$ cat entry-v3.txt   # compact mmCIF, C-alpha atoms (C1' of nucleotides)
# COMPACT_ATOMS: atom_id res chain seq x y z
CA MET A 21 27.76 52.59 94.41
CA VAL A 22 26.76 54.77 97.31
CA ARG A 23 23.11 54.15 96.61
CA GLU A 24 23.62 50.41 96.48
CA ALA A 25 25.62 50.45 99.69
CA LEU A 26 22.97 52.41 101.54
CA ALA A 27 20.27 50.18 100.13
CA SER A 28 21.86 46.98 101.35
CA LEU A 29 22.55 48.59 104.69
CA LEU A 30 18.88 49.49 105.03
CA GLY A 31 17.89 46.05 103.85
CA LEU A 32 19.48 44.64 106.99
CA GLU A 33 16.95 46.46 109.15
CA GLU A 34 14.05 44.27 110.18
CA ASP A 35 11.36 46.81 109.49
CA ILE A 36 12.68 48.34 106.29
CA ASP A 37 12.40 46.95 102.78
CA VAL A 38 14.06 48.56 99.81
CA VAL A 39 11.50 48.15 97.07
CA ALA A 40 13.12 50.11 94.26
CA GLN A 41 16.26 51.93 93.24
CA VAL A 42 16.82 54.30 90.33
CA ASP A 43 19.80 56.32 89.24
CA ARG A 44 18.07 59.21 87.50
CA GLY A 45 15.73 61.89 88.81
CA ASP A 46 13.36 61.49 85.91
CA ALA A 47 12.91 57.80 86.69
CA VAL A 48 11.73 58.40 90.23
CA LEU A 49 8.05 58.94 89.58
CA ALA A 50 7.59 55.89 87.40
CA ALA A 51 9.37 53.67 89.90
CA ALA A 52 7.30 55.04 92.76
CA ARG A 53 4.06 54.42 90.88
CA GLU A 54 5.14 50.86 90.42
CA ALA A 55 6.51 50.10 93.87
CA ARG A 56 4.28 52.29 96.06
CA PRO A 57 6.85 52.93 98.77
CA ASP A 58 6.09 54.54 102.12
CA VAL A 59 9.20 56.69 101.82
CA ALA A 60 11.31 57.90 98.91
CA LEU A 61 14.94 58.63 99.73
CA LEU A 62 16.27 61.16 97.23
CA ASP A 63 19.59 62.80 96.55
CA ILE A 64 19.58 66.30 95.11
CA GLU A 65 22.29 66.01 92.47
CA MET A 66 20.98 63.53 89.95
CA PRO A 67 21.03 63.35 86.19
CA GLY A 68 17.81 64.06 84.36
CA LEU A 69 15.86 65.82 87.06
CA ASP A 70 17.09 67.08 90.36
CA GLY A 71 15.85 65.66 93.61
CA ILE A 72 13.86 68.73 94.53
CA GLN A 73 11.85 68.66 91.34
CA ALA A 74 11.41 64.94 91.73
CA ALA A 75 10.11 65.53 95.24
CA ALA A 76 7.56 68.00 93.90
CA GLU A 77 6.36 65.47 91.32
CA LEU A 78 6.12 62.76 93.92
CA THR A 79 4.16 64.67 96.50
CA ALA A 80 1.81 65.93 93.81
CA GLU A 81 1.03 62.52 92.43
CA LEU A 82 1.55 60.18 95.38
CA PRO A 83 0.90 62.15 98.54
CA ALA A 84 1.02 58.95 100.55
CA CYS A 85 4.72 58.65 99.77
CA ALA A 86 6.85 60.72 102.12
CA VAL A 87 10.01 62.25 100.72
CA LEU A 88 13.28 62.27 102.62
CA ILE A 89 16.12 64.19 101.00
CA LEU A 90 19.61 62.82 101.62
CA THR A 91 22.31 65.00 100.19
CA THR A 92 25.94 65.93 100.46
CA PHE A 93 25.72 69.71 100.64
CA GLY A 94 23.85 71.43 103.42
CA ARG A 95 23.26 74.69 101.64
CA PRO A 96 20.42 76.57 103.29
CA GLY A 97 18.73 77.28 99.96
CA PHE A 98 18.55 73.58 99.27
CA LEU A 99 16.78 72.96 102.53
CA ARG A 100 14.32 75.75 101.91
CA ARG A 101 13.54 74.65 98.39
CA ALA A 102 13.25 71.04 99.45
CA MET A 103 10.70 71.93 102.09
CA GLU A 104 8.75 74.06 99.63
CA SER A 105 8.63 71.08 97.29
CA GLY A 106 6.92 69.00 99.93
CA ALA A 107 9.84 67.03 101.32
CA ARG A 108 9.20 65.75 104.82
CA GLY A 109 12.81 65.40 105.87
CA PHE A 110 16.27 66.62 105.02
CA LEU A 111 19.37 64.71 106.06
CA LEU A 112 23.05 65.24 105.34
CA LYS A 113 25.32 62.48 104.15
CA ASP A 114 27.86 63.33 106.80
CA ALA A 115 25.48 62.40 109.56
CA PRO A 116 26.33 59.08 111.20
CA ALA A 117 24.99 56.09 109.29
CA ALA A 118 22.81 55.01 112.18
CA GLU A 119 20.83 58.21 111.76
CA LEU A 120 19.51 57.12 108.42
CA ALA A 121 17.25 54.30 109.56
CA VAL A 122 16.05 56.40 112.48
CA ALA A 123 15.22 59.27 110.18
CA ILE A 124 13.32 56.99 107.84
CA ARG A 125 11.20 55.57 110.66
CA ARG A 126 10.40 59.01 111.96
CA THR A 127 9.51 60.21 108.49
CA VAL A 128 7.09 57.33 108.03
CA ALA A 129 5.57 58.19 111.38
CA GLY A 130 4.74 61.60 110.00
CA GLU A 131 7.42 63.60 111.75
CA ARG A 132 9.51 66.16 109.97
CA VAL A 133 13.18 65.32 110.24
CA VAL A 134 15.61 68.18 109.76
CA ASP A 135 19.09 68.78 111.07
CA PRO A 136 18.38 71.49 113.67
CA ASN A 137 21.71 73.13 113.09
CA LEU A 138 20.99 73.52 109.41
CA ALA A 139 17.44 74.67 110.02
CA ALA A 140 18.68 77.48 112.23
CA GLN A 141 21.12 78.58 109.57
CA ALA A 142 18.42 78.58 106.91
CA LEU A 143 16.20 80.74 109.05
CA THR A 144 18.85 83.32 109.86
CA GLU A 145 19.98 83.65 106.28
CA GLY A 146 16.44 83.87 104.95
CA LYS A 147 15.69 83.77 101.25
CA GLY A 148 18.64 85.89 100.33
CA PRO A 149 18.76 89.55 99.39
CA LEU A 150 18.90 89.06 95.64
CA SER A 151 16.15 90.09 93.29
CA TRP A 152 14.99 87.85 90.48
CA ARG A 153 16.96 89.53 87.75
CA GLU A 154 20.03 89.53 89.91
CA ARG A 155 19.76 85.79 90.39
CA GLU A 156 19.35 85.31 86.66
CA VAL A 157 22.43 87.27 85.70
CA LEU A 158 24.48 85.70 88.46
CA GLU A 159 23.48 82.25 87.33
CA ALA A 160 24.56 83.08 83.82
CA SER A 161 27.83 84.53 85.09
CA ALA A 162 28.60 81.40 87.03
CA ALA A 163 28.90 79.51 83.77
CA GLY A 164 31.61 81.92 82.64
CA SER A 165 29.55 83.75 80.02
CA THR A 166 30.62 87.20 78.94
CA ILE A 167 28.33 90.13 79.62
CA ALA A 168 27.34 90.50 75.99
CA GLU A 169 26.22 86.88 75.90
CA ILE A 170 24.16 87.29 79.04
CA ALA A 171 22.55 90.40 77.63
CA ARG A 172 21.57 88.58 74.45
CA SER A 173 20.27 85.50 76.22
CA LEU A 174 18.08 87.60 78.51
CA HIS A 175 17.13 90.19 75.85
CA LEU A 176 18.61 93.07 77.84
CA SER A 177 21.03 95.86 77.23
CA GLU A 178 24.60 95.27 78.31
CA GLY A 179 24.46 98.23 80.63
CA THR A 180 21.48 96.77 82.39
CA VAL A 181 23.21 93.48 82.92
CA ARG A 182 26.21 95.28 84.35
CA ASN A 183 23.94 97.15 86.66
CA HIS A 184 22.24 94.08 88.06
CA LEU A 185 25.58 92.43 88.47
CA SER A 186 26.94 95.46 90.24
CA ALA A 187 24.03 95.40 92.66
CA ALA A 188 24.54 91.71 93.35
CA ILE A 189 28.26 92.23 93.84
CA GLN A 190 27.67 94.91 96.42
CA LYS A 191 24.96 92.96 98.22
CA LEU A 192 27.29 90.01 98.53
CA GLY A 193 30.32 92.07 99.45
CA THR A 194 32.51 90.75 96.64
CA ARG A 195 34.81 92.30 94.05
CA ASN A 196 33.61 90.78 90.78
CA ARG A 197 30.70 88.79 89.45
CA PHE A 198 32.45 85.46 89.57
CA GLU A 199 33.28 85.80 93.22
CA ALA A 200 29.69 86.92 93.72
CA ALA A 201 28.40 83.87 91.88
CA LYS A 202 30.53 81.60 94.03
CA ALA A 203 29.34 83.29 97.21
CA ALA A 204 25.69 83.09 96.19
CA GLU A 205 26.02 79.47 95.25
CA ALA A 206 27.72 78.67 98.53
CA LYS A 207 24.79 80.14 100.42
CA GLY A 208 22.27 78.36 98.24
CA TRP A 209 20.85 81.58 96.82
CA LEU A 210 21.49 80.74 93.25
CA MET B 4 27.69 58.08 106.41
CA VAL B 5 28.92 56.86 103.07
CA ARG B 6 32.10 55.59 104.62
CA GLU B 7 30.23 53.73 107.32
CA ALA B 8 27.86 52.21 104.79
CA LEU B 9 30.68 50.98 102.61
CA ALA B 10 32.51 49.66 105.65
CA SER B 11 29.61 47.58 106.86
CA LEU B 12 29.03 46.36 103.34
CA LEU B 13 32.63 45.21 103.12
CA GLY B 14 32.39 43.70 106.59
CA LEU B 15 29.86 41.24 105.21
CA GLU B 16 32.45 39.74 102.92
CA GLU B 17 34.03 36.61 104.30
CA ASP B 18 37.57 37.51 103.41
CA ILE B 19 37.55 41.22 104.20
CA ASP B 20 37.89 42.84 107.60
CA VAL B 21 37.54 46.55 108.13
CA VAL B 22 40.19 47.30 110.73
CA ALA B 23 39.99 51.09 110.89
CA GLN B 24 38.03 54.09 109.69
CA VAL B 25 38.97 57.76 109.83
CA ASP B 26 37.26 60.86 108.57
CA ARG B 27 40.26 63.08 107.94
CA GLY B 28 43.17 62.79 105.54
CA ASP B 29 45.68 63.72 108.19
CA ALA B 30 44.52 60.88 110.43
CA VAL B 31 45.18 58.20 107.85
CA LEU B 32 48.83 57.57 108.55
CA ALA B 33 48.45 57.21 112.29
CA ALA B 34 45.53 54.82 111.92
CA ALA B 35 47.43 52.73 109.39
CA ARG B 36 50.47 52.49 111.67
CA GLU B 37 48.18 51.18 114.35
CA ALA B 38 46.02 48.80 112.34
CA ARG B 39 48.52 47.60 109.71
CA PRO B 40 45.95 47.01 106.97
CA ASP B 41 46.66 45.21 103.71
CA VAL B 42 44.75 47.88 101.81
CA ALA B 43 43.81 51.48 102.50
CA LEU B 44 40.67 52.71 100.76
CA LEU B 45 40.89 56.49 100.38
CA ASP B 46 38.65 59.20 99.04
CA ILE B 47 40.29 62.25 97.47
CA GLU B 48 38.18 65.04 98.96
CA MET B 49 38.86 64.93 102.66
CA PRO B 50 39.40 67.57 105.30
CA GLY B 51 42.92 68.06 106.57
CA LEU B 52 44.88 66.34 103.85
CA ASP B 53 43.67 65.15 100.50
CA GLY B 54 43.67 61.49 99.61
CA ILE B 55 46.49 61.83 97.13
CA GLN B 56 48.85 63.32 99.65
CA ALA B 57 47.74 60.74 102.18
CA ALA B 58 48.52 58.04 99.63
CA ALA B 59 52.02 59.43 99.22
CA GLU B 60 52.59 59.39 102.97
CA LEU B 61 51.29 55.85 103.24
CA THR B 62 53.35 54.33 100.48
CA ALA B 63 56.44 56.08 101.79
CA GLU B 64 56.06 54.82 105.33
CA LEU B 65 54.16 51.56 104.95
CA PRO B 66 54.96 50.14 101.53
CA ALA B 67 53.23 46.91 102.49
CA CYS B 68 49.93 48.74 102.56
CA ALA B 69 48.38 49.05 99.11
CA VAL B 70 46.36 52.15 98.38
CA LEU B 71 43.08 52.08 96.51
CA ILE B 72 41.54 55.43 95.69
CA LEU B 73 37.74 55.56 95.63
CA THR B 74 36.40 58.88 94.52
CA THR B 75 33.43 60.64 93.02
CA PHE B 76 35.06 62.57 90.21
CA GLY B 77 36.89 60.81 87.43
CA ARG B 78 39.03 63.71 86.39
CA PRO B 79 42.02 62.49 84.42
CA GLY B 80 44.40 64.66 86.42
CA PHE B 81 43.29 62.98 89.60
CA LEU B 82 44.07 59.58 88.19
CA ARG B 83 47.49 60.67 87.03
CA ARG B 84 48.40 62.30 90.30
CA ALA B 85 47.06 59.35 92.27
CA MET B 86 49.25 56.97 90.33
CA GLU B 87 52.27 59.21 90.75
CA SER B 88 51.63 59.15 94.49
CA GLY B 89 51.93 55.40 94.57
CA ALA B 90 48.27 54.39 94.54
CA ARG B 91 47.72 50.86 93.26
CA GLY B 92 44.14 51.31 92.17
CA PHE B 93 41.62 53.97 91.22
CA LEU B 94 37.90 53.34 91.37
CA LEU B 95 34.90 55.59 90.78
CA LYS B 96 32.00 55.75 93.16
CA ASP B 97 29.55 55.33 90.32
CA ALA B 98 30.85 51.87 89.59
CA PRO B 99 28.51 49.10 90.75
CA ALA B 100 28.92 48.27 94.42
CA ALA B 101 29.95 44.70 93.67
CA GLU B 102 33.05 46.08 91.97
CA LEU B 103 34.41 47.33 95.23
CA ALA B 104 35.15 44.02 96.91
CA VAL B 105 36.53 42.66 93.66
CA ALA B 106 38.80 45.64 93.27
CA ILE B 107 40.06 45.28 96.82
CA ARG B 108 40.92 41.62 96.33
CA ARG B 109 42.76 42.34 93.13
CA THR B 110 44.63 45.19 94.73
CA VAL B 111 45.78 42.92 97.56
CA ALA B 112 46.90 40.40 94.99
CA GLY B 113 49.22 43.03 93.58
CA GLU B 114 47.26 43.95 90.49
CA ARG B 115 46.68 47.52 89.46
CA VAL B 116 42.99 48.26 89.24
CA VAL B 117 41.95 51.17 87.06
CA ASP B 118 38.80 51.89 85.13
CA PRO B 119 39.99 51.26 81.56
CA ASN B 120 37.71 53.93 80.19
CA LEU B 121 39.20 56.51 82.47
CA ALA B 122 42.74 55.35 81.82
CA ALA B 123 42.26 55.82 78.10
CA GLN B 124 40.96 59.32 78.65
CA ALA B 125 43.91 60.19 80.87
CA LEU B 126 46.34 58.99 78.24
CA THR B 127 44.75 60.90 75.37
CA GLU B 128 44.52 64.12 77.31
CA GLY B 129 48.00 63.77 78.68
CA LYS B 130 49.30 66.06 81.33
CA GLY B 131 47.56 69.05 79.90
CA PRO B 132 49.03 71.83 77.81
CA LEU B 133 49.48 74.28 80.66
CA SER B 134 52.82 75.38 81.94
CA TRP B 135 53.45 75.64 85.65
CA ARG B 136 52.98 79.38 85.92
CA GLU B 137 49.82 79.13 83.93
CA ARG B 138 48.46 76.59 86.36
CA GLU B 139 49.36 78.81 89.28
CA VAL B 140 47.62 81.88 87.96
CA LEU B 141 44.58 79.88 86.90
CA GLU B 142 44.31 78.34 90.33
CA ALA B 143 44.41 81.77 91.90
CA SER B 144 41.83 83.06 89.42
CA ALA B 145 39.47 80.24 90.25
CA ALA B 146 39.11 81.63 93.75
CA GLY B 147 37.93 84.93 92.29
CA SER B 148 41.05 86.94 93.08
CA THR B 149 41.74 90.09 91.12
CA ILE B 150 44.81 90.28 88.95
CA ALA B 151 46.61 92.67 91.27
CA GLU B 152 46.15 90.24 94.13
CA ILE B 153 47.49 87.36 92.09
CA ALA B 154 50.48 89.45 91.07
CA ARG B 155 51.28 90.30 94.66
CA SER B 156 50.83 86.76 95.94
CA LEU B 157 53.17 85.38 93.28
CA HIS B 158 55.60 88.33 93.33
CA LEU B 159 55.07 89.12 89.69
CA SER B 160 54.17 92.14 87.62
CA GLU B 161 50.51 92.51 86.71
CA GLY B 162 51.34 92.45 83.05
CA THR B 163 53.04 89.10 83.45
CA VAL B 164 50.05 87.64 85.16
CA ARG B 165 47.79 88.90 82.39
CA ASN B 166 50.10 87.32 79.89
CA HIS B 167 50.08 83.89 81.47
CA LEU B 168 46.34 84.08 81.82
CA SER B 169 45.98 85.07 78.21
CA ALA B 170 48.06 82.08 77.17
CA ALA B 171 45.96 79.75 79.28
CA ILE B 172 42.77 81.24 77.92
CA GLN B 173 43.84 80.65 74.37
CA LYS B 174 45.11 77.14 75.03
CA LEU B 175 41.77 76.23 76.56
CA GLY B 176 39.71 78.00 73.94
CA THR B 177 37.79 80.17 76.37
CA ARG B 178 36.91 83.84 76.56
CA ASN B 179 38.01 84.82 80.07
CA ARG B 180 40.09 83.44 82.89
CA PHE B 181 37.16 82.22 84.91
CA GLU B 182 35.81 80.14 82.10
CA ALA B 183 39.36 78.92 81.59
CA ALA B 184 39.67 78.01 85.26
CA LYS B 185 36.43 76.05 85.10
CA ALA B 186 37.54 74.23 81.97
CA ALA B 187 40.92 73.36 83.43
CA GLU B 188 39.37 72.15 86.63
CA ALA B 189 36.88 70.02 84.73
CA LYS B 190 39.72 68.29 82.92
CA GLY B 191 41.71 67.83 86.09
CA TRP B 192 44.52 70.09 84.96
CA LEU B 193 44.31 72.43 87.82
C1' DA C 26 79.14 76.39 67.69
C1' DG C 27 74.85 77.80 65.96
C1' DT C 28 70.10 77.78 65.85
C1' DA C 29 65.38 77.02 67.00
C1' DT C 30 61.97 76.52 70.38
C1' DT C 31 59.81 77.17 74.74
C1' DC C 32 59.03 79.41 78.97
C1' DG C 33 59.04 83.44 81.99
C1' DG C 34 58.78 88.34 82.03
C1' DT C 35 57.62 93.51 80.70
C1' DG C 36 55.07 97.39 78.89
C1' DA C 37 51.67 99.63 75.44
C1' DC C 38 47.05 99.45 73.67
C1' DA C 39 42.05 98.40 72.85
C1' DT C 40 38.31 96.05 74.85
C1' DT C 41 35.51 94.70 78.57
C1' DC C 42 33.82 95.36 83.07
C1' DG C 43 32.10 97.72 87.41
C1' DT C 44 30.32 102.05 89.25
C1' DC C 45 27.75 106.06 89.11
C1' DA C 46 23.92 109.36 88.17
C1' DC C 47 19.69 109.32 86.37
C1' DG C 48 14.69 108.14 84.54
C1' DC C 49 10.57 105.03 84.57
C1' DC C 50 7.04 102.32 86.60
C1' DG C 51 4.00 99.69 90.05
C1' DG C 52 2.90 98.96 94.82
C1' DA C 53 2.88 100.29 99.74
C1' DT C 54 2.38 104.10 103.19
C1' DT C 55 0.29 108.35 104.77
C1' DA D 23 -4.10 111.84 96.05
C1' DA D 24 0.59 112.57 97.14
C1' DT D 25 4.56 110.51 98.47
C1' DC D 26 7.93 107.26 99.02
C1' DC D 27 9.98 103.42 98.07
C1' DG D 28 12.36 99.23 95.48
C1' DG D 29 13.08 96.94 91.23
C1' DC D 30 14.17 97.56 86.36
C1' DG D 31 16.39 99.92 82.57
C1' DT D 32 19.86 103.13 79.99
C1' DG D 33 24.10 105.60 79.03
C1' DA D 34 28.70 107.71 80.41
C1' DC D 35 33.11 107.22 82.63
C1' DG D 36 37.30 105.33 84.98
C1' DA D 37 39.46 101.02 86.19
C1' DA D 38 40.43 96.25 85.38
C1' DT D 39 41.37 92.95 81.92
C1' DG D 40 42.97 90.47 77.58
C1' DT D 41 45.93 90.85 73.48
C1' DC D 42 49.94 92.11 71.17
C1' DA D 43 54.91 92.84 70.05
C1' DC D 44 58.98 92.20 72.15
C1' DC D 45 63.20 90.71 75.22
C1' DG D 46 66.32 87.38 77.91
C1' DA D 47 67.48 82.81 79.48
C1' DA D 48 67.35 77.89 79.37
C1' DT D 49 66.88 73.69 76.70
C1' DA D 50 66.83 70.80 72.56
C1' DC D 51 68.22 69.92 67.74
C1' DT D 52 71.80 69.99 63.85

$ encode --input "entry-v3.txt" --output "structure tokens"
Amino acid sequence: MVREALASLLGLEEDIDVVAQVDRGDAVLAAAREARPDVALLDIEMPGLDGIQAAAELTAELPACAVLILTTFGRPGFLRRAMESGARGFLLKDAPAAELAVAIRRTVAGERVVDPNLAAQALTEGKGPLSWREREVLEASAAGSTIAEIARSLHLSEGTVRNHLSAAIQKLGTRNRFEAAKAAEAKGWL
Amino acid sequence: MVREALASLLGLEEDIDVVAQVDRGDAVLAAAREARPDVALLDIEMPGLDGIQAAAELTAELPACAVLILTTFGRPGFLRRAMESGARGFLLKDAPAAELAVAIRRTVAGERVVDPNLAAQALTEGKGPLSWREREVLEASAAGSTIAEIARSLHLSEGTVRNHLSAAIQKLGTRNRFEAAKAAEAKGWL
DNA sequence: AGTATTCGGTGACATTCGTCACGCCGGATT
DNA sequence: AATCCGGCGTGACGAATGTCACCGAATACT
């Protein structure tokens, strides 16, 4: 519904045509090949394939198509990953609606459009202090798995898993792994 | 942005006028007193006051104003609580956009508008098997609190808290309280 | 009345979890 | 080359957690 509403809103603009809409990340590339848009407007949370991966596919195959991410959550990690995937802009859904058309025009013109507030936050927080293994175990913890399960799924000893978790917990200043997982997710470090 | 997009979409309809928009739950009542709408279209997740509480306020003070909830997550508990708060309709954001105007018209006409699929699910799952204390401790667990903290905040013994949690864990078929909290939240039993 | 069931509450016990001290390895610093 | 890291891995130990058996009170069933 949101997508349709935004599409018809954009359709009212003189200089913007909505040439395709899809509801799944893994349908983006095919639709873009067909419709050859100047800009692709992508959400991050989508079934099938997330918007960041879809952006990577798009820029790899159709470099002429700029990617503008429009998403609900302004987590710094999202912004960073989106930019690494080749997105040209990053806009939050709680921006005023008038921003959207403006952002699209600027994206087509080759500018990079990013909420400056969010960009500053992403830069200060950096890539996060977690090592690779720590991210892995935290991600598994977030699902509610027990330590033994995590150990098996990663082919590690239980003690090792506890150790990585302990490190992550201390780095994030939390009391247990679930709180740590929540904190990491909130900062986009997952 | 989403609200503005939906508003301008609805403004295109001949028989619908958007008379007010607010971005906070605790601003709903005042705006409604001012604008006297026939229908209030509310999201559930809002800053200040959630849409269900706002619906309760509205129906208490302005019974002439029907409430239609429009939300992202179709958790059965949400539907149940919305109906208990006096909402006349409950619509999901992933319904087609054309549904929205139709739903509004039917709501004004006095009908109750509910996704039948979702209604069936809410009926089968019922109110959930959790007792009140169990809900309380689960809710506290979801935030990542330790058991001692929960015990203090509820003025209970730690053993008691463990016991309620254990009951909830078994009822939900999970291995620890965090998994249980996630499961309960997913089913809208929180 | 009597009884059965459910919920809230407590403490004892075994398991799981988080922390610590330590060893190993590869890369950067000197 | 020697040294110093930082990440990865293991096991041991105390604390937090989940399970159990049990009790009292309120409610429903006969």

$ interface_residues --input "entry-v3.txt" --of "chain A" --to "chain C" --cutoff "8 Å" --atoms "all atoms listed in the file" --output "JSON list (two decimals) with C-alpha atoms, keeping the file's coordinate frame"
[["chain", "number", "residue", "atom", "x", "y", "z"],
["A", 182, "ARG", "CA", 26.21, 95.28, 84.35],
["A", 186, "SER", "CA", 26.94, 95.46, 90.24],
["A", 196, "ASN", "CA", 33.61, 90.78, 90.78]]

$ atom_distance --input "entry-v3.txt" --atom1 "CA of Val116 (chain B)" --atom2 "CA of Arg91 (chain B)"
6.7 Å

$ residues_around --input "entry-v3.txt" --residues "Leu32 (chain B)" --least-positions-apart "2" --cutoff "8 Å" --atoms "only C-alpha atoms (C1' of nucleotides)" --output "PDB file with C-alpha atoms, in the frame of the given file"
ATOM      1  CA  ASP B  29      45.680  63.720 108.190  1.00  0.00           C
ATOM      2  CA  ALA B  30      44.520  60.880 110.430  1.00  0.00           C
ATOM      3  CA  ALA B  34      45.530  54.820 111.920  1.00  0.00           C
ATOM      4  CA  ALA B  35      47.430  52.730 109.390  1.00  0.00           C
ATOM      5  CA  ARG B  36      50.470  52.490 111.670  1.00  0.00           C
ATOM      6  CA  ALA B  57      47.740  60.740 102.180  1.00  0.00           C
ATOM      7  CA  GLU B  60      52.590  59.390 102.970  1.00  0.00           C
ATOM      8  CA  LEU B  61      51.290  55.850 103.240  1.00  0.00           C
TER       9      LEU B  61
END

$ axis_aligned_box --input "entry-v3.txt" --around "region 30-33 of chain C" --padding-each-side "5 Å" --output "AutoDock Vina command-line options"
--center_x 60.5 --center_y 80.0 --center_z 76.2 --size_x 12.9 --size_y 16.9 --size_z 21.6

$ closest_atom_pairs --input "entry-v3.txt" --of "chain D" --to "chain A" --cutoff "10 Å" --atoms "all atoms listed in the file" --output "JSON lines"
{"residue": "D:DG29", "atom": "C1'", "partner": "A:Ser151", "partner_atom": "CA", "distance": 7.8}
{"residue": "D:DC30", "atom": "C1'", "partner": "A:Thr180", "partner_atom": "CA", "distance": 8.4}
{"residue": "D:DG31", "atom": "C1'", "partner": "A:Thr180", "partner_atom": "CA", "distance": 6.0}
{"residue": "D:DT32", "atom": "C1'", "partner": "A:Gly179", "partner_atom": "CA", "distance": 6.8}
{"residue": "D:DG33", "atom": "C1'", "partner": "A:Gly179", "partner_atom": "CA", "distance": 7.6}

$ write_last_selection --input "entry-v3.txt" --atoms "C-alpha atoms (C1' of nucleotides)" --output "CSV table (one decimal), in the frame of the given file"
chain,number,residue,atom,x,y,z
D,29,DG,C1',13.1,96.9,91.2
D,30,DC,C1',14.2,97.6,86.4
D,31,DG,C1',16.4,99.9,82.6
D,32,DT,C1',19.9,103.1,80.0
D,33,DG,C1',24.1,105.6,79.0

$ interface_residues --input "entry-v3.txt" --of "chain A" --to "chain B" --cutoff "8 Å" --atoms "all atoms listed in the file" --output "list in words"
Met21, Val22, Glu24, Ala25, Leu26, Ser28, Leu29, Lys113, Asp114, Ala115, Pro116, Ala117, Ala163, Gly164, Ser165, Thr166, Arg195, Asn196, Phe198 and Glu199 of chain A

$ atom_distance --input "entry-v3.txt" --atom1 "CA of Arg44 (chain A)" --atom2 "CA of Ala107 (chain A)"
17.9 Å

$ atom_distance --input "entry-v3.txt" --atom1 "CA of Gln173 (chain B)" --atom2 "CA of Ala160 (chain A)"
21.6 Å

$ build_atoms --input "entry-v3.txt" --residues "region 116-128 of chain A" --atoms "N, CA and C atoms" --output "short mmCIF file (atom, residue, chain, number, x, y, z; two decimals), in the coordinates of the input"
data_model
loop_
_atom_site.label_atom_id
_atom_site.label_comp_id
_atom_site.auth_asym_id
_atom_site.auth_seq_id
_atom_site.Cartn_x
_atom_site.Cartn_y
_atom_site.Cartn_z
N PRO A 116 25.96 60.48 110.99
CA PRO A 116 26.33 59.08 111.20
C PRO A 116 25.34 58.15 110.52
N ALA A 117 25.82 57.00 110.08
CA ALA A 117 24.99 56.09 109.29
C ALA A 117 23.78 55.62 110.08
N ALA A 118 23.92 55.51 111.38
CA ALA A 118 22.81 55.01 112.18
C ALA A 118 21.61 55.96 112.12
N GLU A 119 21.90 57.24 111.87
CA GLU A 119 20.83 58.21 111.76
C GLU A 119 19.83 57.88 110.67
N LEU A 120 20.33 57.26 109.62
CA LEU A 120 19.51 57.12 108.42
C LEU A 120 18.24 56.31 108.71
N ALA A 121 18.41 55.14 109.29
CA ALA A 121 17.25 54.30 109.56
C ALA A 121 16.30 55.01 110.53
N VAL A 122 16.88 55.65 111.53
CA VAL A 122 16.05 56.40 112.48
C VAL A 122 15.24 57.46 111.75
N ALA A 123 15.90 58.20 110.90
CA ALA A 123 15.22 59.27 110.18
C ALA A 123 14.09 58.71 109.32
N ILE A 124 14.35 57.58 108.69
CA ILE A 124 13.32 56.99 107.84
C ILE A 124 12.10 56.61 108.68
N ARG A 125 12.34 55.97 109.83
CA ARG A 125 11.20 55.57 110.66
C ARG A 125 10.41 56.80 111.11
N ARG A 126 11.12 57.83 111.49
CA ARG A 126 10.40 59.01 111.96
C ARG A 126 9.64 59.67 110.82
N THR A 127 10.21 59.64 109.62
CA THR A 127 9.51 60.21 108.49
C THR A 127 8.22 59.45 108.21
N VAL A 128 8.30 58.13 108.25
CA VAL A 128 7.09 57.33 108.03
C VAL A 128 6.04 57.66 109.08
#
